[in-house]
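Source file: start-v2.csv; contents: CSV, C-alpha atoms and all ligand atoms.
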```csv
chain,number,residue,atom,x,y,z
A,30,MET,CA,-116.7,191.0,91.6
A,31,THR,CA,-117.0,194.7,92.3
A,32,GLU,CA,-118.8,197.1,89.9
A,33,ALA,CA,-115.5,198.5,88.7
A,34,ASP,CA,-114.2,195.0,87.8
A,35,SER,CA,-117.3,194.1,85.8
A,36,PHE,CA,-116.5,196.1,82.8
A,37,VAL,CA,-113.3,196.9,80.9
A,38,LEU,CA,-112.5,199.5,78.2
A,39,PHE,CA,-110.0,198.5,75.5
A,40,SER,CA,-108.5,200.8,72.9
A,41,GLY,CA,-108.0,200.1,69.3
A,42,THR,CA,-105.1,202.0,67.6
A,43,SER,CA,-107.2,204.7,65.9
A,44,HIS,CA,-107.6,207.1,68.8
A,45,PRO,CA,-105.6,206.2,72.0
A,46,GLU,CA,-105.7,209.8,73.3
A,47,LEU,CA,-109.5,209.7,73.5
A,48,SER,CA,-109.5,206.2,75.0
A,49,LYS,CA,-107.1,207.4,77.8
A,50,GLU,CA,-109.2,210.5,78.4
A,51,ILE,CA,-112.3,208.4,78.8
A,52,ALA,CA,-110.5,205.9,81.1
A,53,LYS,CA,-109.3,208.8,83.2
A,54,ASP,CA,-112.9,210.2,83.5
A,55,LEU,CA,-114.1,206.7,84.5
A,56,SER,CA,-111.1,206.3,87.0
A,57,ILE,CA,-110.2,203.0,85.4
A,58,LYS,CA,-107.1,201.6,83.6
A,59,LEU,CA,-107.4,200.7,80.0
A,60,GLY,CA,-107.6,196.9,79.2
A,61,ASP,CA,-104.3,195.3,78.3
A,62,VAL,CA,-104.2,194.2,74.7
A,63,GLN,CA,-101.4,193.6,72.2
A,64,ILE,CA,-102.1,194.7,68.6
A,65,GLU,CA,-99.5,194.2,66.0
A,66,LYS,CA,-99.0,193.8,62.3
A,67,PHE,CA,-97.6,190.6,60.8
A,68,PRO,CA,-94.9,191.0,58.1
A,69,ASP,CA,-97.5,190.5,55.4
A,70,GLY,CA,-99.7,193.4,56.8
A,71,GLU,CA,-102.3,191.2,58.5
A,72,ILE,CA,-103.4,192.4,62.0
A,73,GLY,CA,-102.7,190.2,65.0
A,74,VAL,CA,-104.3,190.7,68.4
A,75,GLN,CA,-103.9,189.1,71.8
A,76,ILE,CA,-105.9,190.1,74.9
A,77,LEU,CA,-103.5,190.2,77.8
A,78,GLU,CA,-106.0,189.9,80.6
A,79,ASN,CA,-109.0,187.8,81.6
A,80,VAL,CA,-112.3,189.0,80.1
A,81,ARG,CA,-114.5,185.9,80.8
A,82,GLY,CA,-117.9,187.0,81.9
A,83,LYS,CA,-117.1,190.7,81.7
A,84,GLU,CA,-118.7,193.6,79.8
A,85,VAL,CA,-116.2,194.7,77.3
A,86,PHE,CA,-116.0,198.1,75.6
A,87,ILE,CA,-113.7,198.6,72.6
A,88,LEU,CA,-113.1,202.2,71.4
A,89,GLN,CA,-112.3,202.7,67.7
A,90,SER,CA,-113.1,205.6,65.4
A,91,ILE,CA,-113.3,204.5,61.8
A,92,ALA,CA,-111.5,207.4,60.2
A,93,ARG,CA,-108.1,208.5,58.8
A,94,GLU,CA,-107.3,204.9,57.8
A,95,PRO,CA,-110.9,203.5,57.8
A,96,ASN,CA,-110.1,200.2,56.3
A,97,LEU,CA,-107.3,199.4,58.7
A,98,TYR,CA,-109.3,200.5,61.8
A,99,LEU,CA,-112.5,198.7,60.8
A,100,MET,CA,-110.7,195.4,60.2
A,101,GLU,CA,-108.8,195.9,63.5
A,102,LEU,CA,-112.1,196.5,65.3
A,103,LEU,CA,-113.6,193.3,63.8
A,104,ILE,CA,-110.6,191.3,64.9
A,105,LEU,CA,-110.7,192.7,68.4
A,106,ILE,CA,-114.4,191.8,68.7
A,107,ASP,CA,-113.7,188.3,67.5
A,108,ALA,CA,-110.9,187.9,70.0
A,109,MET,CA,-113.2,189.1,72.9
A,110,LYS,CA,-116.0,186.8,71.8
A,111,ARG,CA,-113.7,183.8,71.7
A,112,ALA,CA,-112.4,184.8,75.1
A,113,SER,CA,-115.9,184.5,76.5
A,114,ALA,CA,-116.7,188.2,77.2
A,115,LYS,CA,-120.3,188.6,78.5
A,116,SER,CA,-121.0,191.4,76.2
A,117,ILE,CA,-119.0,193.5,73.6
A,118,THR,CA,-119.8,197.1,73.0
A,119,ALA,CA,-118.2,198.8,70.0
A,120,VAL,CA,-117.6,202.4,71.1
A,121,MET,CA,-117.4,204.2,67.7
A,122,PRO,CA,-117.2,208.0,68.3
A,123,TYR,CA,-117.2,208.2,64.4
A,124,TYR,CA,-119.0,205.5,62.5
A,125,GLY,CA,-117.1,205.5,59.2
A,126,TYR,CA,-118.7,204.5,55.9
A,127,SER,CA,-121.9,206.1,57.1
A,128,ARG,CA,-122.4,208.5,54.2
A,129,GLN,CA,-123.2,205.7,51.8
A,130,ASP,CA,-126.4,204.9,53.6
A,131,ARG,CA,-128.9,204.4,50.7
A,132,LYS,CA,-129.0,203.7,46.9
A,133,GLU,CA,-129.1,207.2,45.6
A,134,LYS,CA,-128.2,205.9,42.1
A,135,GLY,CA,-128.0,202.6,40.4
A,136,ARG,CA,-125.2,200.0,41.1
A,137,VAL,CA,-123.8,201.5,44.3
A,138,PRO,CA,-123.4,199.8,47.7
A,139,ILE,CA,-124.9,200.7,51.1
A,140,THR,CA,-121.7,200.6,53.1
A,141,ALA,CA,-123.4,201.8,56.4
A,142,LYS,CA,-125.4,198.5,56.3
A,143,LEU,CA,-122.4,196.4,55.2
A,144,VAL,CA,-120.4,197.7,58.2
A,145,ALA,CA,-123.4,196.9,60.5
A,146,ASN,CA,-123.5,193.4,59.1
A,147,LEU,CA,-119.8,192.9,59.6
A,148,LEU,CA,-119.9,194.1,63.3
A,149,GLU,CA,-122.9,191.9,64.1
A,150,LYS,CA,-121.3,188.9,62.4
A,151,ALA,CA,-118.1,189.5,64.4
A,152,GLY,CA,-120.1,189.3,67.6
A,153,VAL,CA,-120.9,192.9,68.8
A,154,SER,CA,-123.7,193.1,71.4
A,155,ARG,CA,-124.1,196.9,71.3
A,156,VAL,CA,-122.9,200.0,69.5
A,157,LEU,CA,-122.2,203.3,71.2
A,158,THR,CA,-121.7,206.1,68.7
A,159,MET,CA,-122.3,209.8,68.2
A,160,ASP,CA,-124.1,211.9,65.6
A,161,LEU,CA,-124.6,209.1,63.1
A,162,HIS,CA,-124.8,210.6,59.6
A,163,ALA,CA,-128.4,209.4,59.4
A,164,ASP,CA,-130.4,208.3,62.5
A,165,GLN,CA,-131.9,205.4,60.4
A,166,ILE,CA,-128.5,203.6,60.5
A,167,GLN,CA,-129.6,202.5,64.0
A,168,GLY,CA,-132.1,200.3,62.2
A,169,PHE,CA,-129.4,198.6,60.2
A,170,PHE,CA,-128.5,196.7,63.4
A,171,ASP,CA,-130.5,194.0,65.3
A,172,VAL,CA,-128.5,194.9,68.5
A,173,PRO,CA,-129.0,198.1,70.5
A,174,VAL,CA,-127.4,201.3,69.1
A,175,ASP,CA,-126.9,204.3,71.4
A,176,ASN,CA,-126.4,207.4,69.4
A,177,LEU,CA,-125.1,210.3,71.5
A,178,TYR,CA,-125.3,213.9,70.4
A,179,ALA,CA,-122.3,216.3,70.2
A,180,ARG,CA,-124.6,219.3,70.6
A,181,VAL,CA,-124.7,218.6,74.3
A,182,VAL,CA,-121.0,219.8,74.5
A,183,PHE,CA,-121.4,222.5,71.8
A,184,ALA,CA,-124.5,224.0,73.5
A,185,ASP,CA,-122.4,224.6,76.7
A,186,LYS,CA,-119.7,226.3,74.6
A,187,PHE,CA,-122.0,228.6,72.7
A,188,LYS,CA,-123.9,229.6,75.8
A,189,GLN,CA,-120.6,230.9,77.2
A,190,MET,CA,-119.7,232.8,74.0
A,191,LYS,CA,-120.7,236.4,73.5
A,192,LEU,CA,-122.4,236.2,70.2
A,193,GLU,CA,-124.6,239.0,68.9
A,194,ASN,CA,-128.2,238.1,68.1
A,195,PRO,CA,-127.1,234.6,67.1
A,196,ILE,CA,-129.0,232.3,64.7
A,197,VAL,CA,-128.4,228.7,63.9
A,198,VAL,CA,-127.9,227.9,60.2
A,199,SER,CA,-128.0,224.4,58.6
A,200,PRO,CA,-125.6,224.3,55.6
A,201,ASP,CA,-127.7,221.7,53.8
A,202,ILE,CA,-131.0,219.7,54.2
A,203,GLY,CA,-129.1,216.7,55.6
A,204,SER,CA,-128.0,218.6,58.7
A,205,ILE,CA,-131.3,220.2,59.5
A,206,ARG,CA,-132.1,217.8,62.4
A,207,LEU,CA,-128.8,218.5,64.1
A,208,ALA,CA,-129.2,222.3,63.6
A,209,ARG,CA,-132.8,222.3,64.7
A,210,ALA,CA,-131.9,220.4,67.9
A,211,LEU,CA,-129.1,222.8,68.7
A,212,ALA,CA,-131.3,225.9,68.0
A,213,LEU,CA,-133.9,224.4,70.4
A,214,ASP,CA,-131.3,223.8,73.1
A,215,LEU,CA,-130.0,227.4,72.7
A,216,GLY,CA,-133.5,228.9,72.3
A,217,LEU,CA,-132.5,230.4,68.9
A,218,ASP,CA,-134.1,230.7,65.4
A,219,LEU,CA,-133.1,228.5,62.5
A,220,ALA,CA,-132.3,229.2,58.9
A,221,LEU,CA,-131.4,226.8,56.1
A,222,ILE,CA,-129.1,226.8,53.1
A,223,ASP,CA,-130.1,225.1,49.9
A,224,LYS,CA,-126.9,223.3,48.8
A,225,ARG,CA,-126.3,221.0,45.8
A,226,ARG,CA,-123.3,218.7,45.6
A,227,VAL,CA,-122.0,218.9,42.0
A,228,ASN,CA,-119.4,216.2,42.7
A,229,ALA,CA,-117.2,215.0,45.5
A,230,ASN,CA,-115.1,218.2,45.4
A,231,GLU,CA,-117.6,220.8,44.4
A,232,VAL,CA,-120.8,222.2,46.0
A,233,GLN,CA,-123.1,224.8,44.8
A,234,VAL,CA,-125.2,227.1,47.2
A,235,ASN,CA,-128.5,228.1,45.6
A,236,ALA,CA,-130.3,230.1,48.3
A,237,LEU,CA,-130.7,230.9,52.0
A,238,ILE,CA,-134.1,230.2,53.5
A,239,GLY,CA,-134.5,232.7,56.4
A,240,GLU,CA,-133.1,236.1,57.5
A,241,ILE,CA,-129.6,236.5,59.0
A,242,GLU,CA,-128.8,240.2,58.2
A,243,GLY,CA,-126.7,241.7,61.0
A,244,GLN,CA,-126.7,238.5,63.0
A,245,ASP,CA,-123.9,236.2,64.2
A,246,VAL,CA,-124.4,232.7,62.6
A,247,ILE,CA,-123.7,229.3,64.1
A,248,LEU,CA,-123.3,226.8,61.2
A,249,VAL,CA,-123.8,223.2,62.2
A,250,ASP,CA,-122.7,220.1,60.3
A,251,ASP,CA,-122.1,216.5,61.3
A,252,ILE,CA,-119.0,216.0,59.1
A,253,CYS,CA,-116.3,218.3,57.7
A,254,SER,CA,-114.2,216.5,55.0
A,255,THR,CA,-113.1,218.9,52.2
A,256,ALA,CA,-114.8,221.8,54.0
A,257,LYS,CA,-116.4,222.8,50.7
A,258,THR,CA,-119.9,222.6,52.3
A,259,LEU,CA,-119.0,224.8,55.2
A,260,LYS,CA,-116.9,227.3,53.3
A,261,SER,CA,-119.6,227.9,50.7
A,262,ALA,CA,-122.2,228.2,53.4
A,263,SER,CA,-120.1,230.6,55.4
A,264,ASP,CA,-119.3,232.7,52.3
A,265,PHE,CA,-123.0,232.8,51.4
A,266,CYS,CA,-123.9,233.8,55.0
A,267,LYS,CA,-121.4,236.7,54.9
A,268,LYS,CA,-122.8,237.8,51.5
A,269,SER,CA,-126.3,237.7,53.0
A,270,GLY,CA,-125.2,240.1,55.8
A,271,ALA,CA,-124.0,237.8,58.6
A,272,LYS,CA,-121.5,239.6,60.9
A,273,LYS,CA,-119.6,236.6,62.3
A,274,VAL,CA,-119.7,232.9,61.3
A,275,VAL,CA,-118.8,230.2,63.9
A,276,VAL,CA,-119.0,226.6,63.0
A,277,ALA,CA,-119.8,223.5,65.0
A,278,VAL,CA,-118.7,220.2,63.5
A,279,SER,CA,-119.2,216.8,65.1
A,280,HIS,CA,-116.6,214.9,63.1
A,281,GLY,CA,-113.5,216.6,61.7
A,282,LEU,CA,-112.2,214.4,58.9
A,283,PHE,CA,-110.4,217.6,57.7
A,284,ASP,CA,-108.9,217.3,54.3
A,285,LYS,CA,-105.9,219.7,53.9
A,286,SER,CA,-108.2,222.4,52.4
A,287,ILE,CA,-109.5,223.2,55.9
A,288,ILE,CA,-106.2,225.1,56.4
A,289,ASP,CA,-107.7,228.0,54.5
A,290,HIS,CA,-110.7,228.8,56.5
A,291,SER,CA,-112.1,231.4,54.1
A,292,SER,CA,-114.8,233.5,55.8
A,293,ILE,CA,-115.2,231.1,58.8
A,294,ASP,CA,-114.3,233.1,61.9
A,295,SER,CA,-113.9,230.1,64.2
A,296,LEU,CA,-114.6,226.4,64.1
A,297,PHE,CA,-115.5,224.1,67.0
A,298,VAL,CA,-114.9,220.4,66.5
A,299,THR,CA,-115.2,217.4,68.8
A,300,ASN,CA,-112.3,215.0,69.3
A,301,SER,CA,-114.2,212.1,67.8
A,302,ILE,CA,-111.4,211.8,65.3
A,303,PRO,CA,-107.8,212.9,66.0
A,304,LEU,CA,-106.8,216.1,64.2
A,305,PRO,CA,-104.5,215.6,61.2
A,306,LYS,CA,-100.9,216.2,62.2
A,307,ASP,CA,-100.5,219.1,59.7
A,308,CYS,CA,-103.7,220.8,60.8
A,309,ASP,CA,-103.5,224.5,61.1
A,310,MET,CA,-104.9,225.1,64.6
A,311,LYS,CA,-105.6,228.8,64.1
A,312,ASN,CA,-109.3,229.3,64.6
A,313,ILE,CA,-109.9,225.6,65.4
A,314,HIS,CA,-111.1,224.8,68.9
A,315,VAL,CA,-111.4,221.1,70.0
A,316,VAL,CA,-114.2,220.3,72.3
A,317,SER,CA,-113.8,217.0,74.2
A,318,ILE,CA,-116.5,214.3,74.2
A,319,ALA,CA,-114.6,212.2,76.7
A,320,LYS,CA,-116.9,213.0,79.6
A,321,LEU,CA,-120.0,212.4,77.4
A,322,PHE,CA,-118.7,208.9,76.4
A,323,ALA,CA,-117.5,208.1,79.9
A,324,ASN,CA,-121.0,208.9,81.3
A,325,ALA,CA,-122.6,206.7,78.6
A,326,ILE,CA,-120.2,203.8,79.2
A,327,ASP,CA,-120.8,204.1,83.0
A,328,SER,CA,-124.5,204.1,82.5
A,329,ILE,CA,-124.5,201.1,80.2
A,330,ALA,CA,-122.3,199.1,82.6
A,331,ARG,CA,-124.7,200.0,85.5
A,332,ALA,CA,-127.8,199.4,83.4
A,333,LYS,CA,-128.9,203.0,83.9
A,334,SER,CA,-130.8,205.1,81.3
A,335,ILE,CA,-128.7,207.1,78.9
A,336,SER,CA,-131.7,208.6,77.1
A,337,SER,CA,-130.8,212.1,78.4
A,338,LEU,CA,-127.5,211.9,76.5
A,339,CYS,CA,-129.3,210.5,73.4
A,340,ARG,CA,-132.1,213.0,73.0
A,341,SER,CA,-132.6,213.8,69.3
A,342,LEU,CA,-135.4,216.3,70.1
B,1,LIG,C1,-123.2,215.7,53.9
B,1,LIG,O1,-124.2,215.0,53.8
B,1,LIG,C2,-122.5,215.8,55.2
B,1,LIG,O2,-123.5,216.2,56.2
B,1,LIG,C3,-121.4,216.9,55.2
B,1,LIG,O3,-122.1,218.1,54.9
B,1,LIG,C4,-120.4,216.6,54.2
B,1,LIG,O4,-119.9,215.3,54.4
B,1,LIG,C5,-119.3,217.6,54.2
B,1,LIG,O5,-118.3,217.3,53.2
B,1,LIG,P1,-117.3,218.4,52.7
B,1,LIG,O6,-116.6,219.0,53.9
B,1,LIG,O7,-116.4,217.6,51.8
B,1,LIG,O8,-118.1,219.4,52.0
```

Representation of the structure as structure tokens:
Amino acid sequence: MTEADSFVLFSGTSHPELSKEIAKDLSIKLGDVQIEKFPDGEIGVQILENVRGKEVFILQSIAREPNLYLMELLILIDAMKRASAKSITAVMPYYGYSRQDRKEKGRVPITAKLVANLLEKAGVSRVLTMDLHADQIQGFFDVPVDNLYARVVFADKFKQMKLENPIVVSPDIGSIRLARALALDLGLDLALIDKRRVNANEVQVNALIGEIEGQDVILVDDICSTAKTLKSASDFCKKSGAKKVVVAVSHGLFDKSIIDHSSIDSLFVTNSIPLPKDCDMKNIHVVSIAKLFANAIDSIARAKSISSLCRSL
């Protein structure tokens, strides 16, 4: 068996474009699998090639229709396990259900842990993901979790941009680690916004810790859903004297409200999740993570270190 034959990448139905891009970067063909829905809505899967003794990678982002894609991933893993794959890596550019990662109040679930339990029970041997909402989610698993960082691709972009006296700003406490790491990579200072979420649809900005007067701001967040966090942060930065606000978002869930960008001058987002069909592309720039994931998959398959891609700083 040659090295190229020893692993195979399959695609779930959540993000076939990214799967194809990664396969192209790896110079391989995607694995052959049939995924269909039975008349009652159940998912049926058949692997159409031999995977016995092979290292299998399955790409699935748990977004847009998270319940469907999670179930589909579990079924694919089960099929690979029963077809005697040597190992099964769930490649999850976006790990859905990650924001419910602790009991913040009484009588709520910890869905990030529930998803980990389900994946392990189905038979996953490893998870490859990017910018987990909380690094600790790695500890919800008893199998290896490789957490890549989108800032690797963002840092390259921002280095090429002509920003004036730029500073990195975290829009809330939760994103401080991502923001600090990007600031370190770019050799920039860091400021922080004190945000409070009033409810799912409303956020309140209380203060800005740091000085940004007359500077260009790079706002960094892991997720953009309703865009309330980023819009409020951007407005506050502009009120505090920022000249330009550019945004780096790892995972663009993008509710419709993103169409009105408010004071955000431009927004960079990875393709961990496909953009919604009705997304207004003005000012939105998609940065591909295909090469990052292809390098990680190649390194895992060849048992090489990927810590340079997983540095959290
Ligand atoms: C919060 O903890 C996350 O890091 C994001 O800031 C949040 O999910 C963004 O949500 P929205 O776009 O709805 O404000």

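Closest to ligand LIG 1 (chain B) among A:Lys83, A:Lys273, A:Lys132, A:Lys257 is A:Lys257, based on all atoms listed in the file.
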
Per-residue nearest contacts of chain A to ligand LIG 1 (chain B) (9 Å; all atoms listed in the file) as CSV:
```
residue,atom,partner,partner_atom,distance
A:Arg128,CA,B:LIG1,O1,6.8
A:His162,CA,B:LIG1,O2,6.7
A:Ala163,CA,B:LIG1,O1,9.0
A:Pro200,CA,B:LIG1,O3,7.2
A:Asp201,CA,B:LIG1,O3,6.7
A:Ile202,CA,B:LIG1,O1,8.3
A:Gly203,CA,B:LIG1,O1,5.5
A:Ser204,CA,B:LIG1,O2,5.7
A:Arg226,CA,B:LIG1,O8,8.3
A:Ala229,CA,B:LIG1,O7,6.9
A:Asn230,CA,B:LIG1,O7,6.6
A:Glu231,CA,B:LIG1,O8,7.7
A:Val232,CA,B:LIG1,O8,7.2
A:Asp250,CA,B:LIG1,O2,5.7
A:Asp251,CA,B:LIG1,O2,5.3
A:Ile252,CA,B:LIG1,C3,4.7
A:Cys253,CA,B:LIG1,O6,3.9
A:Ser254,CA,B:LIG1,O6,3.6
A:Thr255,CA,B:LIG1,O7,3.6
A:Ala256,CA,B:LIG1,O6,3.3
A:Lys257,CA,B:LIG1,O8,4.0
A:Thr258,CA,B:LIG1,O8,3.7
A:Leu259,CA,B:LIG1,O8,6.3
A:Lys260,CA,B:LIG1,O8,8.1
A:Ser261,CA,B:LIG1,O8,8.7
A:Gly281,CA,B:LIG1,O6,8.7
A:Leu282,CA,B:LIG1,O6,8.1
A:Phe283,CA,B:LIG1,O6,7.4
A:Asp284,CA,B:LIG1,O6,7.9
A:Ile287,CA,B:LIG1,O6,8.5
```

* For stretch 54-60 of chain A: contacts at 8 Å, only C-alpha atoms, fewer than 2 positions along chain excluded, given as a PyMOL selection string -> chain A and resi 33+37-40+48-52+62+77-78+319-320+323-324+327

Suppose we keep C-alpha atoms; can you now write the selection as a PDB file, in the coordinates of the input?
```pdb
ATOM      1  CA  ALA A  33    -115.500 198.500  88.700  1.00  0.00           C
ATOM      2  CA  VAL A  37    -113.300 196.900  80.900  1.00  0.00           C
ATOM      3  CA  LEU A  38    -112.500 199.500  78.200  1.00  0.00           C
ATOM      4  CA  PHE A  39    -110.000 198.500  75.500  1.00  0.00           C
ATOM      5  CA  SER A  40    -108.500 200.800  72.900  1.00  0.00           C
ATOM      6  CA  SER A  48    -109.500 206.200  75.000  1.00  0.00           C
ATOM      7  CA  LYS A  49    -107.100 207.400  77.800  1.00  0.00           C
ATOM      8  CA  GLU A  50    -109.200 210.500  78.400  1.00  0.00           C
ATOM      9  CA  ILE A  51    -112.300 208.400  78.800  1.00  0.00           C
ATOM     10  CA  ALA A  52    -110.500 205.900  81.100  1.00  0.00           C
ATOM     11  CA  VAL A  62    -104.200 194.200  74.700  1.00  0.00           C
ATOM     12  CA  LEU A  77    -103.500 190.200  77.800  1.00  0.00           C
ATOM     13  CA  GLU A  78    -106.000 189.900  80.600  1.00  0.00           C
ATOM     14  CA  ALA A 319    -114.600 212.200  76.700  1.00  0.00           C
ATOM     15  CA  LYS A 320    -116.900 213.000  79.600  1.00  0.00           C
ATOM     16  CA  ALA A 323    -117.500 208.100  79.900  1.00  0.00           C
ATOM     17  CA  ASN A 324    -121.000 208.900  81.300  1.00  0.00           C
ATOM     18  CA  ASP A 327    -120.800 204.100  83.000  1.00  0.00           C
TER      19      ASP A 327
END
```

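Of the listed residues (A:Gln165, A:Asp171, A:Ala112, A:Leu103), A:Leu103 comes nearest to A:Ala151; the distances count only C-alpha atoms.
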
* Fewer than 5 positions away in the same chain doesn't count, so skip those; otherwise give me all residues within 8 Å of A:Asn312, counting only C-alpha atoms, as a ChimeraX atom specification. => /A:294-296

* Smallest atom-to-atom distance to A:Leu213: which of A:Arg180, A:Asp69, A:Ala236, A:Val227, using all atoms listed in the file? -> A:Arg180

* **One-decimal distance in Å that lies between atom CA of A:Ile117 and atom CA of A:Phe86** => 5.8 Å

* From the list A:Ser90, A:Thr299, A:Ser292, A:Gln244, which residue is nearest A:Pro195 when using all atoms listed in the file? -> A:Gln244

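Counting only C-alpha atoms and comparing A:Ser328, A:Ser116, A:Ser269, A:Ser291, the residue that lies closest to A:Gly82 is A:Ser116.
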
* To do: Please indicate the distance in Å from atom CA of A:Leu88 to atom CA of A:Ala184, rounded to one decimal place.
  =>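 So the two atoms, atom CA of A:Leu88 and atom CA of A:Ala184, lie 24.7 Å apart.
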
* Asked: Between atom CA of A:Gly270 and atom CA of A:Val198, what is the distance, to one decimal in Å?
  -> 13.2 Å

* Quick one: everything within 10 Å of A:Met100, counting only C-alpha atoms, minus sequence neighbours fewer than 6 positions away in the same chain. Send it as a ChimeraX atom specification. => /A:71-72,91,106,147-148

If you keep C-alpha atoms, can you produce a file of those selected residues as a PDB file, in the coordinates of the input?
```pdb
ATOM      1  CA  GLU A  71    -102.300 191.200  58.500  1.00  0.00           C
ATOM      2  CA  ILE A  72    -103.400 192.400  62.000  1.00  0.00           C
ATOM      3  CA  ILE A  91    -113.300 204.500  61.800  1.00  0.00           C
ATOM      4  CA  ILE A 106    -114.400 191.800  68.700  1.00  0.00           C
ATOM      5  CA  LEU A 147    -119.800 192.900  59.600  1.00  0.00           C
ATOM      6  CA  LEU A 148    -119.900 194.100  63.300  1.00  0.00           C
TER       7      LEU A 148
END
```

* **Residues near A:Met121, cut-off 8 Å, all atoms listed in the file, skip fewer than 2 positions along chain, as a list in words** => Leu88, Gln89, Ser90, Ile91, Ala119, Tyr123, Tyr124, Val156, Leu157, Thr158 and Met159 of chain A

* To do: Would you please work out which residue, of A:Ser113, A:Asp175, A:Lys191, A:Gln233, is nearest to A:Ser334 when using all atoms listed in the file?
  => A:Asp175

* Contacts of A:Lys267 within 10 Å, all atoms listed in the file, excl. fewer than 3 positions in-chain, as a count of residues only -> 17
